[in-house]
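coords11.cif follows (mmCIF, C-alpha atoms and all ligand atoms):
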```cif
data_start
loop_
_atom_site.group_PDB
_atom_site.id
_atom_site.type_symbol
_atom_site.label_atom_id
_atom_site.label_comp_id
_atom_site.auth_asym_id
_atom_site.auth_seq_id
_atom_site.Cartn_x
_atom_site.Cartn_y
_atom_site.Cartn_z
ATOM 1 C CA MET N 1 100.629 82.866 104.509
ATOM 2 C CA ASN N 2 98.996 86.289 103.964
ATOM 3 C CA PRO N 3 99.666 87.871 100.561
ATOM 4 C CA VAL N 4 102.044 90.825 100.539
ATOM 5 C CA ALA N 5 101.300 94.249 99.063
ATOM 6 C CA ILE N 6 103.879 96.975 98.456
ATOM 7 C CA VAL N 7 102.783 100.613 98.519
ATOM 8 C CA THR N 8 105.382 103.215 97.598
ATOM 9 C CA GLY N 9 104.889 106.638 99.145
ATOM 10 C CA ALA N 10 102.727 105.469 102.059
ATOM 11 C CA THR N 11 103.616 108.360 104.392
ATOM 12 C CA SER N 12 100.724 110.562 103.244
ATOM 13 C CA GLY N 13 97.762 111.026 100.953
ATOM 14 C CA ILE N 14 96.677 108.305 98.567
ATOM 15 C CA GLY N 15 99.447 105.842 99.482
ATOM 16 C CA LYS N 16 98.599 106.016 103.170
ATOM 17 C CA ALA N 17 94.891 105.415 102.475
ATOM 18 C CA VAL N 18 95.613 102.500 100.118
ATOM 19 C CA ALA N 19 97.943 100.876 102.655
ATOM 20 C CA LYS N 20 95.209 101.069 105.304
ATOM 21 C CA SER N 21 92.586 99.578 102.969
ATOM 22 C CA LEU N 22 94.955 96.729 102.053
ATOM 23 C CA ALA N 23 95.693 96.042 105.733
ATOM 24 C CA ILE N 24 91.956 95.892 106.494
ATOM 25 C CA LYS N 25 91.732 93.249 103.741
ATOM 26 C CA GLY N 26 94.477 91.199 105.446
ATOM 27 C CA TYR N 27 97.490 91.945 103.248
ATOM 28 C CA ASN N 28 100.873 92.091 104.926
ATOM 29 C CA LEU N 29 102.316 95.464 103.935
ATOM 30 C CA ILE N 30 105.647 96.703 102.683
ATOM 31 C CA ILE N 31 105.445 100.484 102.938
ATOM 32 C CA THR N 32 107.990 102.983 101.665
ATOM 33 C CA GLY N 33 108.729 106.700 101.875
ATOM 34 C CA ARG N 34 111.529 109.060 102.813
ATOM 35 C CA ARG N 35 110.025 110.583 105.972
ATOM 36 C CA THR N 36 110.967 107.944 108.521
ATOM 37 C CA GLU N 37 108.878 109.312 111.405
ATOM 38 C CA LEU N 38 105.712 109.307 109.301
ATOM 39 C CA LEU N 39 106.594 105.843 108.028
ATOM 40 C CA ALA N 40 106.844 104.595 111.617
ATOM 41 C CA GLU N 41 103.475 106.199 112.458
ATOM 42 C CA CYS N 42 101.940 104.543 109.422
ATOM 43 C CA GLU N 43 103.438 101.175 110.455
ATOM 44 C CA ASN N 44 101.879 101.443 113.933
ATOM 45 C CA GLU N 45 98.513 102.353 112.465
ATOM 46 C CA LEU N 46 98.560 99.421 110.029
ATOM 47 C CA LYS N 47 99.556 96.929 112.727
ATOM 48 C CA LYS N 48 96.248 97.663 114.464
ATOM 49 C CA GLU N 49 94.704 95.555 111.672
ATOM 50 C CA ASN N 50 96.774 92.562 112.864
ATOM 51 C CA VAL N 51 98.937 92.366 109.761
ATOM 52 C CA LYS N 52 102.712 92.329 109.442
ATOM 53 C CA VAL N 53 104.344 95.531 108.253
ATOM 54 C CA LEU N 54 107.823 96.113 106.833
ATOM 55 C CA SER N 55 108.845 99.769 106.579
ATOM 56 C CA LEU N 56 111.516 100.568 103.993
ATOM 57 C CA PRO N 57 112.754 104.164 104.181
ATOM 58 C CA PHE N 58 114.233 104.698 100.731
ATOM 59 C CA ASP N 59 114.053 107.334 98.021
ATOM 60 C CA VAL N 60 112.700 105.809 94.801
ATOM 61 C CA ARG N 61 115.082 108.018 92.810
ATOM 62 C CA ILE N 62 118.148 106.157 94.115
ATOM 63 C CA GLU N 63 118.357 102.963 92.095
ATOM 64 C CA SER N 64 120.977 101.360 94.364
ATOM 65 C CA ASP N 65 118.660 101.844 97.373
ATOM 66 C CA VAL N 66 115.668 100.430 95.518
ATOM 67 C CA GLU N 67 117.784 97.366 94.714
ATOM 68 C CA LYS N 68 119.202 97.177 98.269
ATOM 69 C CA TYR N 69 115.798 97.253 99.985
ATOM 70 C CA LEU N 70 113.487 95.505 97.510
ATOM 71 C CA GLY N 71 116.040 93.209 95.866
ATOM 72 C CA ASN N 72 116.949 91.542 99.175
ATOM 73 C CA LEU N 73 113.570 90.945 100.774
ATOM 74 C CA PRO N 74 113.487 88.140 103.342
ATOM 75 C CA GLY N 75 111.566 84.977 102.316
ATOM 76 C CA GLU N 76 108.065 85.636 103.623
ATOM 77 C CA TRP N 77 108.119 89.159 102.148
ATOM 78 C CA ARG N 78 108.725 87.884 98.633
ATOM 79 C CA ASN N 79 105.160 86.562 98.371
ATOM 80 C CA ILE N 80 104.173 89.791 96.592
ATOM 81 C CA ALA N 81 100.643 89.872 95.195
ATOM 82 C CA VAL N 82 100.221 93.638 94.724
ATOM 83 C CA LEU N 83 102.481 96.587 93.931
ATOM 84 C CA VAL N 84 100.982 100.076 94.080
ATOM 85 C CA ASN N 85 103.388 102.466 92.350
ATOM 86 C CA ASN N 86 102.135 105.566 94.126
ATOM 87 C CA ALA N 87 105.210 107.630 95.106
ATOM 88 C CA GLY N 88 105.167 110.756 93.011
ATOM 89 C CA LEU N 89 104.923 114.497 92.998
ATOM 90 C CA ALA N 90 104.540 117.727 91.095
ATOM 91 C CA VAL N 91 107.060 120.473 91.799
ATOM 92 C CA GLY N 92 106.348 123.965 90.519
ATOM 93 C CA LEU N 93 103.924 125.259 87.898
ATOM 94 C CA ASP N 94 105.854 127.384 85.433
ATOM 95 C CA PRO N 95 105.877 128.027 81.686
ATOM 96 C CA ILE N 96 108.516 126.008 79.866
ATOM 97 C CA GLN N 97 110.823 128.999 79.258
ATOM 98 C CA ASN N 98 111.013 129.657 83.016
ATOM 99 C CA GLY N 99 111.228 126.029 84.086
ATOM 100 C CA VAL N 100 113.324 125.283 87.154
ATOM 101 C CA LEU N 101 115.744 122.504 86.249
ATOM 102 C CA ASP N 102 115.776 121.031 89.739
ATOM 103 C CA ASP N 103 111.961 120.823 89.690
ATOM 104 C CA TRP N 104 112.089 119.031 86.342
ATOM 105 C CA GLU N 105 114.715 116.547 87.578
ATOM 106 C CA ARG N 106 112.719 115.782 90.732
ATOM 107 C CA MET N 107 109.542 115.048 88.779
ATOM 108 C CA ILE N 108 111.164 112.944 86.077
ATOM 109 C CA ASP N 109 113.426 111.089 88.521
ATOM 110 C CA THR N 110 110.544 110.288 90.895
ATOM 111 C CA ASN N 111 107.499 109.807 88.686
ATOM 112 C CA VAL N 112 109.188 108.050 85.780
ATOM 113 C CA LYS N 113 112.584 106.659 86.760
ATOM 114 C CA GLY N 114 111.605 105.794 90.347
ATOM 115 C CA LEU N 115 108.525 103.946 89.153
ATOM 116 C CA LEU N 116 110.689 102.058 86.656
ATOM 117 C CA TYR N 117 113.344 101.103 89.241
ATOM 118 C CA VAL N 118 110.725 99.738 91.649
ATOM 119 C CA THR N 119 108.817 97.895 88.920
ATOM 120 C CA ARG N 120 111.956 96.269 87.523
ATOM 121 C CA VAL N 121 112.854 94.670 90.853
ATOM 122 C CA VAL N 122 109.324 93.744 91.941
ATOM 123 C CA SER N 123 108.170 92.342 88.595
ATOM 124 C CA LYS N 124 111.170 89.980 88.611
ATOM 125 C CA ILE N 125 110.133 88.706 92.055
ATOM 126 C CA MET N 126 106.541 88.233 90.836
ATOM 127 C CA ILE N 127 107.793 86.302 87.808
ATOM 128 C CA ASP N 128 110.065 84.117 89.999
ATOM 129 C CA ASN N 129 107.143 83.367 92.319
ATOM 130 C CA GLY N 130 105.070 82.185 89.349
ATOM 131 C CA ASN N 131 101.768 83.268 90.920
ATOM 132 C CA GLY N 132 100.939 86.265 88.746
ATOM 133 C CA GLY N 133 100.438 89.504 90.642
ATOM 134 C CA HIS N 134 98.954 92.948 90.154
ATOM 135 C CA ILE N 135 100.787 96.222 89.519
ATOM 136 C CA ILE N 136 98.782 99.441 89.853
ATOM 137 C CA ASN N 137 100.338 102.685 88.675
ATOM 138 C CA LEU N 138 99.247 106.134 89.861
ATOM 139 C CA GLY N 139 98.775 108.072 86.661
ATOM 140 C CA SER N 140 96.743 111.262 86.597
ATOM 141 C CA ILE N 141 94.337 113.342 84.533
ATOM 142 C CA ALA N 142 97.676 115.073 83.786
ATOM 143 C CA GLY N 143 98.636 111.905 81.911
ATOM 144 C CA LYS N 144 95.608 112.256 79.667
ATOM 145 C CA GLU N 145 95.578 116.022 79.085
ATOM 146 C CA VAL N 146 98.118 118.842 79.181
ATOM 147 C CA TYR N 147 97.362 122.118 80.952
ATOM 148 C CA PRO N 148 99.137 125.497 81.005
ATOM 149 C CA ASP N 149 102.416 125.428 82.945
ATOM 150 C CA GLY N 150 101.937 121.718 83.699
ATOM 151 C CA ASN N 151 104.466 120.758 80.984
ATOM 152 C CA VAL N 152 106.928 118.430 82.764
ATOM 153 C CA TYR N 153 104.510 117.024 85.359
ATOM 154 C CA CYS N 154 102.058 116.247 82.534
ATOM 155 C CA ALA N 155 104.873 114.667 80.515
ATOM 156 C CA SER N 156 105.872 112.492 83.465
ATOM 157 C CA LYS N 157 102.298 111.241 83.870
ATOM 158 C CA HIS N 158 101.953 110.704 80.099
ATOM 159 C CA ALA N 159 105.056 108.539 80.518
ATOM 160 C CA VAL N 160 103.294 106.577 83.261
ATOM 161 C CA ASP N 161 100.369 106.081 80.858
ATOM 162 C CA ALA N 162 102.708 104.682 78.183
ATOM 163 C CA LEU N 163 104.700 102.593 80.655
ATOM 164 C CA THR N 164 101.503 101.061 82.026
ATOM 165 C CA LYS N 165 100.620 99.883 78.522
ATOM 166 C CA GLY N 166 104.152 98.620 77.906
ATOM 167 C CA MET N 167 104.308 96.751 81.207
ATOM 168 C CA ARG N 168 100.962 95.092 80.498
ATOM 169 C CA ILE N 169 102.337 93.709 77.229
ATOM 170 C CA ASP N 170 105.691 92.598 78.668
ATOM 171 C CA LEU N 171 104.179 90.948 81.739
ATOM 172 C CA LEU N 172 101.285 89.297 79.879
ATOM 173 C CA PRO N 173 103.002 85.869 79.622
ATOM 174 C CA TYR N 174 103.345 85.758 83.406
ATOM 175 C CA GLY N 175 99.696 86.466 84.257
ATOM 176 C CA ILE N 176 100.619 89.736 85.953
ATOM 177 C CA LYS N 177 97.808 92.286 85.830
ATOM 178 C CA VAL N 178 98.817 95.893 85.144
ATOM 179 C CA SER N 179 96.389 98.734 85.851
ATOM 180 C CA GLN N 180 96.482 102.502 85.948
ATOM 181 C CA ILE N 181 94.340 104.906 87.945
ATOM 182 C CA CYS N 182 94.146 108.531 86.829
ATOM 183 C CA PRO N 183 92.603 110.895 89.367
ATOM 184 C CA GLY N 184 91.653 114.528 88.997
ATOM 185 C CA ALA N 185 92.007 116.778 92.044
ATOM 186 C CA VAL N 186 92.536 114.840 95.275
ATOM 187 C CA GLU N 187 93.105 116.859 98.451
ATOM 188 C CA THR N 188 96.366 115.527 99.895
ATOM 189 C CA GLU N 189 99.831 117.018 100.418
ATOM 190 C CA PHE N 190 100.151 117.161 96.613
ATOM 191 C CA SER N 191 99.612 120.929 96.252
ATOM 192 C CA LYS N 192 101.674 121.721 99.361
ATOM 193 C CA VAL N 193 104.568 119.926 97.672
ATOM 194 C CA ARG N 194 103.871 121.460 94.250
ATOM 195 C CA PHE N 195 103.871 124.992 95.723
ATOM 196 C CA LYS N 196 106.850 124.284 98.007
ATOM 197 C CA GLY N 197 105.047 124.827 101.298
ATOM 198 C CA ASP N 198 102.966 127.859 100.232
ATOM 199 C CA MET N 199 99.763 126.784 102.014
ATOM 200 C CA VAL N 200 97.695 129.721 100.786
ATOM 201 C CA ARG N 201 98.323 128.702 97.193
ATOM 202 C CA ALA N 202 97.912 125.026 98.032
ATOM 203 C CA ASP N 203 94.593 125.456 99.881
ATOM 204 C CA ASN N 204 93.286 127.650 97.065
ATOM 205 C CA VAL N 205 93.409 124.685 94.670
ATOM 206 C CA TYR N 206 90.605 122.947 96.594
ATOM 207 C CA LYS N 207 88.426 125.982 97.365
ATOM 208 C CA GLY N 208 84.847 126.264 96.073
ATOM 209 C CA PHE N 209 84.227 122.596 95.260
ATOM 210 C CA VAL N 210 84.399 119.166 96.831
ATOM 211 C CA PRO N 211 87.653 117.495 95.771
ATOM 212 C CA LEU N 212 88.290 113.779 95.852
ATOM 213 C CA ARG N 213 89.579 112.346 99.126
ATOM 214 C CA ALA N 214 92.521 109.953 99.281
ATOM 215 C CA GLN N 215 90.075 107.297 100.465
ATOM 216 C CA ASP N 216 88.047 107.652 97.245
ATOM 217 C CA ILE N 217 91.122 106.599 95.289
ATOM 218 C CA ALA N 218 91.930 103.841 97.757
ATOM 219 C CA ASP N 219 88.390 102.477 97.338
ATOM 220 C CA ALA N 220 88.773 102.480 93.540
ATOM 221 C CA ILE N 221 92.136 100.709 93.793
ATOM 222 C CA MET N 222 90.610 98.089 96.094
ATOM 223 C CA PHE N 223 87.888 97.552 93.470
ATOM 224 C CA MET N 224 90.619 96.876 90.894
ATOM 225 C CA ILE N 225 92.391 94.476 93.247
ATOM 226 C CA ASN N 226 89.205 92.636 94.200
ATOM 227 C CA CYS N 227 88.118 91.887 90.627
ATOM 228 C CA PRO N 228 87.869 88.188 89.709
ATOM 229 C CA ALA N 229 91.143 86.514 88.673
ATOM 230 C CA HIS N 230 90.266 86.682 84.957
ATOM 231 C CA VAL N 231 89.367 90.419 85.001
ATOM 232 C CA ASN N 232 91.772 93.356 84.720
ATOM 233 C CA ILE N 233 90.807 97.026 84.904
ATOM 234 C CA ASN N 234 93.309 98.514 82.453
ATOM 235 C CA ASP N 235 92.656 102.153 83.245
ATOM 236 C CA MET N 236 90.366 104.255 85.396
ATOM 237 C CA VAL N 237 89.911 108.039 85.168
ATOM 238 C CA ILE N 238 88.254 109.339 88.322
ATOM 239 C CA MET N 239 87.245 112.949 88.901
ATOM 240 C CA PRO N 240 85.363 115.082 91.397
ATOM 241 C CA VAL N 241 81.834 115.777 90.129
ATOM 242 C CA ALA N 242 82.782 119.477 90.049
ATOM 243 C CA GLN N 243 85.748 118.876 87.701
ATOM 244 C CA ALA N 244 85.204 118.185 83.983
ATOM 245 C CA SER N 245 88.836 118.364 82.828
ATOM 246 C CA SER N 246 92.218 119.516 84.134
ATOM 247 C CA MET N 247 91.188 123.155 83.845
ATOM 248 C CA ILE N 248 87.383 123.191 83.914
ATOM 249 C CA PHE N 249 85.819 123.322 87.369
ATOM 250 C CA ASN N 250 82.373 124.209 88.653
ATOM 251 C CA LYS N 251 83.615 126.275 91.591
ATOM 252 C CA LYS N 252 81.250 128.157 93.918
ATOM 253 C CA LEU N 253 83.565 130.783 95.355
HETATM 254 P P1 LIG N 301 101.228 113.292 98.719
HETATM 255 O O1 LIG N 301 102.216 114.377 98.576
HETATM 256 O O2 LIG N 301 100.238 113.360 99.827
HETATM 257 O O3 LIG N 301 101.969 111.877 98.802
HETATM 258 C C1 LIG N 301 103.074 111.587 97.983
HETATM 259 C C2 LIG N 301 103.787 110.365 98.519
HETATM 260 O O4 LIG N 301 104.889 110.067 97.633
HETATM 261 C C3 LIG N 301 104.377 110.603 99.899
HETATM 262 O O5 LIG N 301 104.166 109.467 100.701
HETATM 263 C C4 LIG N 301 105.870 110.790 99.637
HETATM 264 O O6 LIG N 301 106.641 110.272 100.727
HETATM 265 C C5 LIG N 301 106.073 109.912 98.407
HETATM 266 N N1 LIG N 301 107.243 110.307 97.648
HETATM 267 C C6 LIG N 301 107.442 111.456 96.954
HETATM 268 N N2 LIG N 301 108.683 111.488 96.446
HETATM 269 C C7 LIG N 301 109.286 110.334 96.834
HETATM 270 C C8 LIG N 301 110.576 109.782 96.624
HETATM 271 N N3 LIG N 301 111.503 110.416 95.901
HETATM 272 N N4 LIG N 301 110.866 108.578 97.166
HETATM 273 C C9 LIG N 301 109.928 107.932 97.892
HETATM 274 N N5 LIG N 301 108.694 108.382 98.115
HETATM 275 C C10 LIG N 301 108.381 109.585 97.590
HETATM 276 O O7 LIG N 301 100.466 113.237 97.315
HETATM 277 P P2 LIG N 301 99.333 112.252 96.731
HETATM 278 O O8 LIG N 301 98.949 111.235 97.713
HETATM 279 O O9 LIG N 301 98.291 113.104 96.158
HETATM 280 O O10 LIG N 301 100.134 111.600 95.507
HETATM 281 C C11 LIG N 301 100.285 110.224 95.310
HETATM 282 C C12 LIG N 301 100.341 109.950 93.820
HETATM 283 O O11 LIG N 301 99.103 110.314 93.225
HETATM 284 C C13 LIG N 301 101.417 110.723 93.068
HETATM 285 O O12 LIG N 301 102.003 109.863 92.120
HETATM 286 C C14 LIG N 301 100.634 111.840 92.375
HETATM 287 O O13 LIG N 301 101.286 112.294 91.216
HETATM 288 C C15 LIG N 301 99.352 111.111 92.076
HETATM 289 N N6 LIG N 301 98.186 111.951 91.822
HETATM 290 C C16 LIG N 301 97.761 112.868 92.761
HETATM 291 C C17 LIG N 301 96.660 113.652 92.500
HETATM 292 C C18 LIG N 301 96.185 114.701 93.438
HETATM 293 O O14 LIG N 301 95.401 115.576 93.030
HETATM 294 N N7 LIG N 301 96.567 114.676 94.724
HETATM 295 C C19 LIG N 301 95.901 113.497 91.256
HETATM 296 C C20 LIG N 301 96.451 112.524 90.353
HETATM 297 C C21 LIG N 301 97.532 111.776 90.643
HETATM 298 P P3 LIG N 301 107.923 110.985 101.380
HETATM 299 O O15 LIG N 301 107.757 112.453 101.168
HETATM 300 O O16 LIG N 301 107.859 110.555 102.812
HETATM 301 O O17 LIG N 301 109.063 110.384 100.642
HETATM 302 C C1 LIG N 302 97.368 115.764 89.924
HETATM 303 C C2 LIG N 302 96.207 116.394 89.274
HETATM 304 O O1 LIG N 302 95.453 118.201 87.636
HETATM 305 O O2 LIG N 302 96.985 118.859 89.405
HETATM 306 O O3 LIG N 302 97.957 114.800 89.133
HETATM 307 O O4 LIG N 302 97.764 117.572 87.549
HETATM 308 S S1 LIG N 302 96.649 117.804 88.414
#
```

Translate the structure of the given file into structure tokens.
Amino acid sequence: MNPVAIVTGATSGIGKAVAKSLAIKGYNLIITGRRTELLAECENELKKENVKVLSLPFDVRIESDVEKYLGNLPGEWRNIAVLVNNAGLAVGLDPIQNGVLDDWERMIDTNVKGLLYVTRVVSKIMIDNGNGGHIINLGSIAGKEVYPDGNVYCASKHAVDALTKGMRIDLLPYGIKVSQICPGAVETEFSKVRFKGDMVRADNVYKGFVPLRAQDIADAIMFMINCPAHVNINDMVIMPVAQASSMIFNKKL
């Protein structure tokens, strides 16, 4: 029986690239996301690698849906070896005094609470299976540093940093590996979402330097997954060569 990997937020960007890399390695895939058409496209693409794919179109913010879809997986899909907690987003970039409450709720509900809901259900399945497992959380350079107007997004990724450490301790007795990957600027739909569809602002983020590609992060995650059984990569910070910190870039504009 092929091992199963779950990737949340596989409809674009990093999640989509990770799902493809896992399929190439022979994992059967459970993929999630809210945009059902993109999820179906992703499923078709992954099936070209001759693996089984289960598409689950839920919003990680809705705990009852997380439980409904992941808590009732059919038998063969419970053989979960890998969970990539990737679904996440930044919404807005405003100083704290002008913060948009709905933006704050979306970031905290997705990046922190959604990740928790998914992990709670999946870690129980891993424990029941008794075969260990590997959970990889998408943190960010924003979970290591704070930058102007990044307040709540940075806080949500600092929470991921802390939760990764907490999960590693709690899941230690069960041989479940817990890792975090913290990228700098990766060119995906991230900035389009952050700037609410303003493509001029979004494209500007990646001008004048070579950003990371989603596949760069997928390759790093595959390195984590392919380590020997006794090795865990706790944390990996990965940046474009032209980016030294959240705010310091070597841009040639
Ligand atoms: P994208 O916007 O390209 O992808 C985000 C994915 O998350 C989509 O598949 C989206 O699916 C999914 N998602 C968002 N909200 C929800 C939700 N409520 N329920 C279910 N799925 C959701 O961005 P990236 O690929 O760049 O981002 C992936 C992760 O990487 C995020 O956690 C992000 O914070 C992190 N990251 C990104 C960096 C970057 O520079 N791009 C740098 C550091 C970290 P759908 O919309 O279909 O639901
Ligand atoms: C995404 C990278 O620097 O825009 O997490 O916060 S950053």

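Proximity of N:Arg78, N:Lys196, N:Ser191, N:Val241 to Pro211 in chain N, computed with only C-alpha atoms, is greatest for N:Val241.
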
Around ligand LIG 302 (chain N), out to 9 Å and counting only C-alpha atoms and all ligand atoms, which residues are there? I want them as a count of residues only.
27

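For Val60 in chain N, the set of protein, DNA and RNA residues having any atom at most 7 Å away, when counting all atoms listed in the file and skipping those fewer than 6 positions along the same chain, is Val66, Thr110 and Gly114 of chain N.
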
Quick one: write out the picked residues with C-alpha atoms as a short mmCIF file (atom, residue, chain, number, x, y, z; two decimals), in the frame of the given file?
```cif
data_model
loop_
_atom_site.label_atom_id
_atom_site.label_comp_id
_atom_site.auth_asym_id
_atom_site.auth_seq_id
_atom_site.Cartn_x
_atom_site.Cartn_y
_atom_site.Cartn_z
CA VAL N 66 115.67 100.43 95.52
CA THR N 110 110.54 110.29 90.90
CA GLY N 114 111.60 105.79 90.35
#
```

Check what the PyMOL selection byres (((chain N and resi 47) around 12) and not hetatm) selects in the file above and give those residues as a ChimeraX atom specification.
/N:19-20,22-24,26-31,40-46,48-55

So which residues get picked by the PyMOL selection byres (((chain N and resi 202) around 12) and not hetatm) here, written as JSON, numbers by chain?
{"N": [91, 92, 93, 185, 186, 187, 188, 189, 190, 191, 192, 193, 194, 195, 196, 197, 198, 199, 200, 201, 203, 204, 205, 206, 207]}

From the list N:Ser64, N:Asn111, N:Asn72, N:Ser21, the nearest residue to ligand LIG 301 (chain N) using all atoms listed in the file is N:Asn111

Distance CA of Asp219 in chain N-CA of Met236 in chain N, one decimal place?
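Value for the CA of Asp219 in chain N-CA of Met236 in chain N distance: 12.2 Å.
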
Show me as a PyMOL selection string the residues that reach within 12 Å of (102.3, 92.1, 81.9), counting all atoms listed in the file and using the file's own coordinates.
chain N and resi 119-120+123-124+126-127+132-136+163-179+232+234

Report, in Å with one decimal, the straight-line distance from CA of Ala17 in chain N to CA of Lys252 in chain N.
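CA of Ala17 in chain N sits 27.9 Å away from CA of Lys252 in chain N.
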
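Here CA of Ala87 in chain N is placed at a distance of 24.5 Å from CA of Asn129 in chain N.
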
Closest of N:Gln215, N:Gln97, N:Ser12, N:Asn250 to ligand LIG 301 (chain N) - atom-to-atom distances counting all atoms listed in the file
N:Ser12

Given the choices N:Val210, N:Ile96, N:Ile221, N:Val122, which gets closest to Asn137 in chain N if the distance is worked out from all atoms listed in the file?
N:Ile221

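Picked out by the PyMOL selection byres (((chain N and resi 14) around 7) and not hetatm) when it runs on this file: Ser12, Gly13, Gly15, Lys16, Ala17, Val18, Ala214, Gln215, Ile217 and Ala218 of chain N.
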
Using all atoms listed in the file, determine which residues lie at most 10 Å from Phe249 in chain N, disregarding the query and same-chain residues fewer than 6 positions distant; provide the list as a PyMOL selection string.
chain N and resi 208-209+240-243

In terms of the shortest atom-to-atom distance over all atoms listed in the file, which of N:Asn151, N:Ser156, N:Asn98, N:Asn131 is closest to ligand LIG 301 (chain N)?
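Result for the nearest residue to ligand LIG 301 (chain N): N:Ser156.
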
Residue among N:Val118, N:Val237, N:Cys227, N:Leu39 lying closest to Lys144 in chain N, counting all atoms listed in the file
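With all atoms listed in the file as the atom set, the closest residue is N:Val237.
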
Enclosing box along x, y and z for every listed atom of ligand LIG 301 (chain N), padded 3 Å each side, centre and size in Å, one decimal, as AutoDock Vina command-line options:
```
--center_x 103.5 --center_y 111.8 --center_z 96.6 --size_x 22.1 --size_y 13.6 --size_z 18.5
```
